Structures are given as structure tokens and as C-alpha cells.
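Content type mmCIF, C-alpha atoms and all ligand atoms, from the file input.cif:
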data_coords
loop_
_atom_site.label_atom_id
_atom_site.label_comp_id
_atom_site.auth_asym_id
_atom_site.auth_seq_id
_atom_site.Cartn_x
_atom_site.Cartn_y
_atom_site.Cartn_z
CA MET H 1 134.01 106.02 145.02
CA PRO H 2 136.69 107.88 143.04
CA LYS H 3 138.03 111.26 144.13
CA THR H 4 135.84 114.23 143.17
CA THR H 5 137.50 116.45 140.57
CA VAL H 6 136.93 119.98 139.31
CA PRO H 7 135.28 118.58 136.12
CA ASP H 8 132.90 116.59 138.39
CA ILE H 9 131.85 119.89 139.98
CA TYR H 10 131.09 121.38 136.53
CA LYS H 11 129.20 118.19 135.63
CA LYS H 12 126.98 118.46 138.71
CA LYS H 13 126.03 122.00 137.74
CA ALA H 14 125.40 120.96 134.12
CA GLU H 15 123.10 118.18 135.35
CA GLY H 16 121.27 120.56 137.68
CA ARG H 17 122.44 118.67 140.78
CA LYS H 18 123.29 120.76 143.85
CA ILE H 19 126.93 120.94 144.94
CA THR H 20 127.62 120.32 148.65
CA VAL H 21 130.50 122.00 150.47
CA LEU H 22 131.45 121.92 154.16
CA THR H 23 134.48 123.05 156.07
CA ALA H 24 136.82 120.52 157.69
CA TYR H 25 139.88 121.29 159.79
CA ASP H 26 141.25 118.05 161.19
CA PHE H 27 141.14 114.25 160.81
CA PRO H 28 137.79 113.52 162.51
CA THR H 29 135.90 116.43 160.90
CA ALA H 30 137.35 115.58 157.48
CA GLN H 31 136.31 111.93 157.87
CA ILE H 32 132.74 112.99 158.70
CA VAL H 33 132.53 115.33 155.70
CA ASP H 34 134.07 112.73 153.38
CA GLU H 35 132.05 109.74 154.59
CA ALA H 36 128.84 111.78 154.24
CA GLY H 37 129.63 112.19 150.54
CA ILE H 38 130.11 115.97 150.60
CA ASP H 39 131.54 117.12 147.25
CA ILE H 40 134.08 119.63 148.57
CA ALA H 41 135.94 119.67 151.91
CA LEU H 42 136.99 123.28 152.39
CA VAL H 43 139.80 123.86 154.86
CA GLY H 44 138.52 127.33 155.64
CA ASP H 45 140.47 130.06 157.36
CA SER H 46 137.33 130.16 159.54
CA LEU H 47 139.43 127.77 161.61
CA GLY H 48 140.83 130.94 163.19
CA MET H 49 137.42 131.48 164.76
CA VAL H 50 136.04 127.99 165.32
CA VAL H 51 139.26 126.08 166.13
CA GLN H 52 141.70 128.71 167.40
CA GLY H 53 139.17 130.90 169.24
CA ILE H 54 140.22 134.18 167.56
CA ASP H 55 137.64 136.89 166.77
CA SER H 56 138.49 137.09 163.06
CA THR H 57 140.28 135.11 160.36
CA LEU H 58 143.03 137.73 159.95
CA PRO H 59 145.79 136.25 162.17
CA VAL H 60 145.67 132.80 160.52
CA THR H 61 149.01 132.00 158.85
CA MET H 62 150.05 130.03 155.77
CA ASP H 63 151.86 127.47 157.94
CA GLU H 64 148.72 126.92 160.03
CA MET H 65 146.62 126.45 156.87
CA ILE H 66 149.15 123.99 155.45
CA TYR H 67 149.17 122.06 158.74
CA HIS H 68 145.36 121.71 158.82
CA THR H 69 145.03 121.04 155.08
CA ARG H 70 147.61 118.24 155.25
CA ILE H 71 145.61 116.54 158.02
CA VAL H 72 142.33 116.93 156.14
CA SER H 73 143.87 115.52 152.93
CA ARG H 74 145.09 112.50 154.91
CA ALA H 75 141.53 111.72 156.04
CA VAL H 76 139.63 112.44 152.83
CA LYS H 77 139.07 109.69 150.27
CA THR H 78 136.54 111.22 147.85
CA SER H 79 135.77 114.90 148.56
CA LEU H 80 137.70 117.53 146.61
CA VAL H 81 140.02 119.25 149.10
CA VAL H 82 140.19 123.05 148.80
CA GLY H 83 142.67 125.01 150.91
CA ASP H 84 141.75 128.56 151.88
CA MET H 85 144.46 131.15 151.29
CA PRO H 86 144.85 133.22 154.48
CA PHE H 87 145.00 137.01 154.79
CA LEU H 88 148.11 138.51 153.11
CA SER H 89 149.20 135.24 151.52
CA TYR H 90 148.08 136.45 148.05
CA GLN H 91 147.33 140.19 148.19
CA ALA H 92 150.82 141.71 148.32
CA ASP H 93 152.73 140.03 145.53
CA ARG H 94 151.56 137.92 142.57
CA ALA H 95 154.58 135.59 142.45
CA GLU H 96 154.29 135.00 146.20
CA ALA H 97 150.58 134.24 145.73
CA VAL H 98 151.36 131.56 143.13
CA LEU H 99 154.00 130.01 145.39
CA ASN H 100 151.67 130.07 148.40
CA ALA H 101 148.82 128.54 146.37
CA GLY H 102 151.26 125.89 145.17
CA ARG H 103 152.14 124.97 148.76
CA PHE H 104 148.55 123.77 149.29
CA LEU H 105 149.03 121.25 146.46
CA LYS H 106 152.72 120.37 146.96
CA GLU H 107 152.87 120.18 150.75
CA ALA H 108 149.29 119.65 151.89
CA GLY H 109 147.61 117.41 149.31
CA ALA H 110 144.84 119.86 148.34
CA GLU H 111 143.45 119.85 144.82
CA ALA H 112 142.46 123.54 144.70
CA VAL H 113 142.65 126.80 146.64
CA LYS H 114 140.12 129.48 147.55
CA LEU H 115 140.79 133.18 147.93
CA GLU H 116 138.67 136.25 148.65
CA GLY H 117 138.01 139.24 146.40
CA GLY H 118 136.94 140.00 142.84
CA VAL H 119 138.31 142.62 140.46
CA ALA H 120 141.18 143.41 142.85
CA VAL H 121 142.53 139.84 142.77
CA ALA H 122 141.54 138.84 139.23
CA GLU H 123 145.09 139.03 137.81
CA THR H 124 146.40 137.03 140.75
CA VAL H 125 143.72 134.38 140.15
CA ARG H 126 144.74 134.27 136.48
CA ALA H 127 148.39 133.66 137.45
CA ILE H 128 147.51 130.90 139.93
CA VAL H 129 145.22 129.16 137.43
CA ALA H 130 147.94 129.48 134.75
CA ALA H 131 150.25 127.57 137.10
CA GLY H 132 147.77 124.66 137.06
CA ILE H 133 146.07 125.35 140.37
CA PRO H 134 142.26 125.44 140.34
CA VAL H 135 140.90 128.46 142.20
CA MET H 136 137.56 128.97 143.92
CA GLY H 137 136.55 132.63 144.28
CA HIS H 138 134.76 134.22 147.23
CA ILE H 139 132.81 137.49 147.03
CA GLY H 140 130.12 139.38 148.93
CA LEU H 141 130.96 139.32 152.63
CA THR H 142 134.64 138.45 152.49
CA PRO H 143 135.70 138.05 156.14
CA GLN H 144 139.30 139.12 155.42
CA HIS H 145 137.81 142.60 154.69
CA VAL H 146 136.00 142.76 158.03
CA ASN H 147 137.74 146.01 158.97
CA VAL H 148 136.68 147.65 155.70
CA PHE H 149 133.08 146.49 156.12
CA GLY H 150 133.00 147.45 159.80
CA GLY H 151 131.87 143.97 160.85
CA HIS H 152 130.49 140.76 159.38
CA LYS H 153 127.60 142.50 157.57
CA VAL H 154 125.36 141.58 154.64
CA GLN H 155 126.80 143.03 151.40
CA GLY H 156 125.27 144.16 148.10
CA ARG H 157 122.15 145.83 149.44
CA ASP H 158 122.55 149.22 147.75
CA GLU H 159 122.96 149.78 144.02
CA ALA H 160 126.69 150.64 144.11
CA ALA H 161 127.51 147.57 146.22
CA ARG H 162 125.34 145.40 143.97
CA GLU H 163 127.18 146.66 140.85
CA LYS H 164 130.54 146.03 142.53
CA ILE H 165 129.63 142.44 143.38
CA LEU H 166 128.39 141.81 139.83
CA ALA H 167 131.68 143.20 138.46
CA ASP H 168 133.63 141.02 140.91
CA ALA H 169 131.71 137.92 139.80
CA ARG H 170 132.37 138.62 136.12
CA ALA H 171 136.07 139.36 136.74
CA LEU H 172 136.56 136.10 138.63
CA GLN H 173 134.91 134.01 135.94
CA GLU H 174 137.03 135.71 133.27
CA ALA H 175 140.15 135.07 135.37
CA GLY H 176 139.36 131.35 135.42
CA VAL H 177 137.89 130.40 138.81
CA PHE H 178 136.06 127.05 138.72
CA ALA H 179 133.39 128.17 141.20
CA VAL H 180 132.59 131.17 143.34
CA VAL H 181 131.39 131.42 146.94
CA LEU H 182 128.72 134.09 147.44
CA GLU H 183 128.60 135.04 151.12
CA ALA H 184 125.89 137.05 152.88
CA ILE H 185 124.23 138.79 149.94
CA PRO H 186 120.53 139.15 149.11
CA SER H 187 119.00 136.06 147.45
CA ALA H 188 117.89 138.12 144.44
CA LEU H 189 121.47 139.25 143.79
CA ALA H 190 122.75 135.66 144.07
CA ARG H 191 120.12 134.63 141.56
CA GLU H 192 121.18 137.45 139.22
CA ILE H 193 124.84 136.36 139.47
CA GLY H 194 123.82 132.76 138.76
CA GLY H 195 122.06 133.97 135.63
CA ILE H 196 125.17 135.76 134.38
CA LEU H 197 127.89 133.22 135.22
CA SER H 198 128.45 129.81 133.66
CA ILE H 199 130.58 128.56 136.60
CA PRO H 200 128.89 127.17 139.74
CA THR H 201 127.87 129.56 142.51
CA ILE H 202 128.18 128.25 146.07
CA GLY H 203 126.07 130.15 148.58
CA ILE H 204 126.49 130.84 152.28
CA GLY H 205 123.80 133.25 153.35
CA ALA H 206 123.00 133.85 149.67
CA GLY H 207 119.65 132.07 149.49
CA PRO H 208 118.40 129.00 147.65
CA HIS H 209 119.17 129.96 144.04
CA CYS H 210 122.88 129.02 144.09
CA ASP H 211 124.27 125.88 142.45
CA GLY H 212 125.53 124.67 145.82
CA GLN H 213 125.74 125.55 149.48
CA VAL H 214 128.56 125.78 152.02
CA LEU H 215 128.43 126.00 155.81
CA VAL H 216 131.03 125.99 158.55
CA LEU H 217 130.85 122.45 159.97
CA HIS H 218 131.09 123.62 163.59
CA ASP H 219 128.00 125.84 163.04
CA LEU H 220 126.00 122.99 161.49
CA LEU H 221 126.98 120.58 164.29
CA GLY H 222 126.38 123.05 167.12
CA LEU H 223 130.02 123.01 168.21
CA PHE H 224 130.49 126.78 167.87
CA ASP H 225 128.16 128.98 169.90
CA ARG H 226 129.97 132.31 170.34
CA PHE H 227 127.58 133.72 167.73
CA THR H 228 125.24 132.25 165.12
CA PRO H 229 124.75 134.04 161.80
CA LYS H 230 121.16 134.12 160.46
CA PHE H 231 122.13 131.87 157.55
CA VAL H 232 123.20 128.97 159.77
CA LYS H 233 120.95 125.99 160.31
CA ARG H 234 121.94 123.76 163.23
CA TYR H 235 121.50 120.08 162.42
CA ALA H 236 122.86 118.91 165.80
CA HIS H 237 123.81 120.26 169.21
CA LEU H 238 127.10 118.45 169.73
CA LYS H 239 128.54 120.92 172.23
CA ASP H 240 125.61 120.22 174.60
CA GLU H 241 126.04 116.48 174.14
CA ALA H 242 129.82 116.64 174.66
CA LEU H 243 129.37 118.77 177.77
CA ARG H 244 126.86 116.28 179.18
CA ALA H 245 129.27 113.38 178.56
CA VAL H 246 132.27 115.15 180.10
CA LYS H 247 130.25 116.17 183.18
CA GLU H 248 129.08 112.57 183.59
CA TYR H 249 132.70 111.33 183.37
CA LYS H 250 133.75 113.89 186.01
CA LYS H 251 130.93 112.78 188.31
CA GLU H 252 131.78 109.08 187.89
CA VAL H 253 135.52 109.57 188.50
CA GLU H 254 134.78 111.61 191.60
CA SER H 255 132.24 109.10 192.92
CA GLY H 256 134.38 106.07 192.03
CA ALA H 257 131.78 104.72 189.57
CA PHE H 258 134.43 104.79 186.80
CA PRO H 259 136.40 102.68 186.08
CA THR H 260 134.73 99.35 186.94
CA GLU H 261 136.08 95.80 186.47
CA GLU H 262 134.89 96.09 182.84
CA GLN H 263 137.46 98.78 182.09
CA SER H 264 140.21 97.15 184.19
CA PHE H 265 142.89 94.52 183.48
CA THR H 266 143.39 91.34 185.53
O1 LIG E 301 136.73 130.16 155.83
C1 LIG E 301 135.67 129.59 155.52
O2 LIG E 301 135.24 128.65 156.18
C2 LIG E 301 134.94 130.09 154.37
C3 LIG E 301 133.58 129.55 154.11
C4 LIG E 301 132.63 129.99 155.14
C5 LIG E 301 133.10 129.85 152.73
O3 LIG E 301 135.44 130.93 153.68
#
Mind converting the file's structure to C-alpha cells?
Ligand code: KIV
Amino acid sequence: MPKTTVPDIYKKKAEGRKITVLTAYDFPTAQIVDEAGIDIALVGDSLGMVVQGIDSTLPVTMDEMIYHTRIVSRAVKTSLVVGDMPFLSYQADRAEAVLNAGRFLKEAGAEAVKLEGGVAVAETVRAIVAAGIPVMGHIGLTPQHVNVFGGHKVQGRDEAAREKILADARALQEAGVFAVVLEAIPSALAREIGGILSIPTIGIGAGPHCDGQVLVLHDLLGLFDRFTPKFVKRYAHLKDEALRAVKEYKKEVESGAFPTEEQSFT
């Protein structure tokens, strides 16, 4: 199968086929996402929480994102690789934002970047796209604004917040994003945004009316259990299974049941 491209993502939307997106952070998770035929492997800054064990995405650095994205790109054969721009890699200075976005393509093998925000980052998005770097937007609950929101809370419930999110969606499309993630907003608002935009909407906690869905892989697999947002569906319980296997190994080493002749050399 050939590599998925940005035009392929538009084509899926045009044909009414749902777009699938999952996060990946390292070689084995990227292989799983890729071999399952997921359209987009997103190297999310959620790795701060699910890989590094931090309480938010804020401390994640550009160098860490480049490191993980490079590994994911090495594993992926068909999924489109999108690198997530970390906190303060694009907000302070437009030229720096373009250079940082470029690092994902030049140094890490990504084909696109994602960044958070709407109206406030629209000119930055325009500059990155003008440099030839496809950008995925991200509005609604944008985790890099956790301190403004006072927690990871559903957004867009009152009229002012709804209007702001609609304005953000329009601004991003005008600035040239190829798709937009809608996180933790009411389903009706996601549907309204989908009716206004021509680009694909990718939902996470935004209901069933989006053109595609994204989840954090560790949530889906049951590898992350510090908290579980309402929008997560667990398709496996890999932490339980891994724990069982490691406990069994411990027991067998301690009892002498492992290794046997089978695992030994003559
Ligand atoms: O960082 C991330 O994994 C994300 C997705 C949840 C959309 O931004």
C-alpha cells in the first residue's frame, strides 16, 4: 500500500469514508497503528502524560517530539505521520514556529504537523502552510491551555464559548489547515462545525458526526489507567495482561521453573 497523503485524507472525506487517527510514540506502537491501516499516526504531545508520566503536556520539548517522531516515521510504511508541536514551540514567534514545524519534516520524517488554537494562531498556521508544511488544527479542549480552562474540561457549552469555537474553526480553515481536531465539545457543536467547514473534522470526545476520530493509543489499549476520560473506549486491557505476564515471570524465576532446557544452550 502506498503512503497516505494529505490529498488522500480529502478524498476520504469527499467519498464519505471515515478517517482514522491514532497516536503513536515509538517503534512498536507505530507498527501497530500502521499495520492496522490507520490513516494518520499522530505523534501527540500526549506522550508527556502516557509515556513520560507527567500530569500535563506542557513540559514536553521540541527535541523530545523530534526524537519520538523520528522513531515513529522509521516504523510507519503507509500512515500519514503528523508531529504535534509542543507548548511554546509556535506561540511566541512566527519565524520560530515555521522553523520548528520544519524540523518535524526535515529531521523526523513527518509529513505534517498539528498545533493547538484557532484565531490566535491563524497567522502562524498561514506562515507554516506557506512554507509547504501541511497543518492539522486542534480546537475545543486544547490541553496546552489547561491552566486557562482550569482543568481538562468540556468546552463550548455556553453561547460565548460556542461562538469562539466556531470562529476558531473558520479561522483555521481560512488559514489553510488540511483538517481540524475537535476535542471535548458537545456533539451538536461538532456537527455544526462540520456543516460549516469543507475540510475534515477529526473528533475526540466530539461525538459521531465528525469526518474521523482520534484516540490516544494507550487509552484504547488499556495501557494508561491514571484517569479515563468519558470519550475513551477501551478495546483491550493490555496493562492487566502485561502485569500478569511479568508476575508469572517473577514467580518462575524465583521458583526455578524458568529457564528450562528449552531456553538453554548445550
Ligand atoms: O496529543 C495528542 O495526543 C492529541 C490528540 C489527543 C488529538 O492532541
Practice task
With all atoms listed in the file counted, collect every polymer residue having an atom within 6 Å of ligand LIG 301 (chain E); state the result as a ChimeraX atom specification.
Solution key: /H:23,44-46,215-216
Exercise for the section: Give me, please, the distance in Å between atom CA of Val177 of chain H and atom CA of Lys106 of chain H, quoted to one decimal. Expected result: 19.7 Å
Exercise for the section: Could you jot down the atom CA of Pro86 of chain H to atom CA of Gln144 of chain H separation for me, Å, one decimal place? Expected result: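 Distance reported for this atom pair: 8.2 Å.
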Handout entry: Polymer residues at most 9 Å from segment 88-104 of chain H, all atoms listed in the file, same-chain spacing of 4 or more positions, as a PyMOL selection string
Key = chain H and resi 58+61-62+65-66+69-70+82-84+108-115+120-121+123-125+127-129+131-133+135
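Minimum atom-to-atom distances from H:Ile165, H:Val146, H:Ala206, H:Ala160 to Leu182 of chain H were compared using only C-alpha atoms, and the lowest value belongs to H:Ala206.
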Problem - Minimum-distance residue to Val50 of chain H, chosen among H:Ala24, H:Leu243, H:Ile196, H:Ile204 (using all atoms listed in the file) - result: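 The answer is H:Ala24, which sits nearest to Val50 of chain H.
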Practice task
Measuring atom to atom with only C-alpha atoms, identify which of H:Ile139, H:Ala190, H:Ala184, H:Ala130 is nearest to His152 of chain H.
Solution key: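 Closest residue, counting only C-alpha atoms: H:Ala184.
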Handout entry: Computed interatomic separation between atom CA of Thr4 of chain H and atom CA of Leu22 of chain H (Å)
Key = 14.1 Å
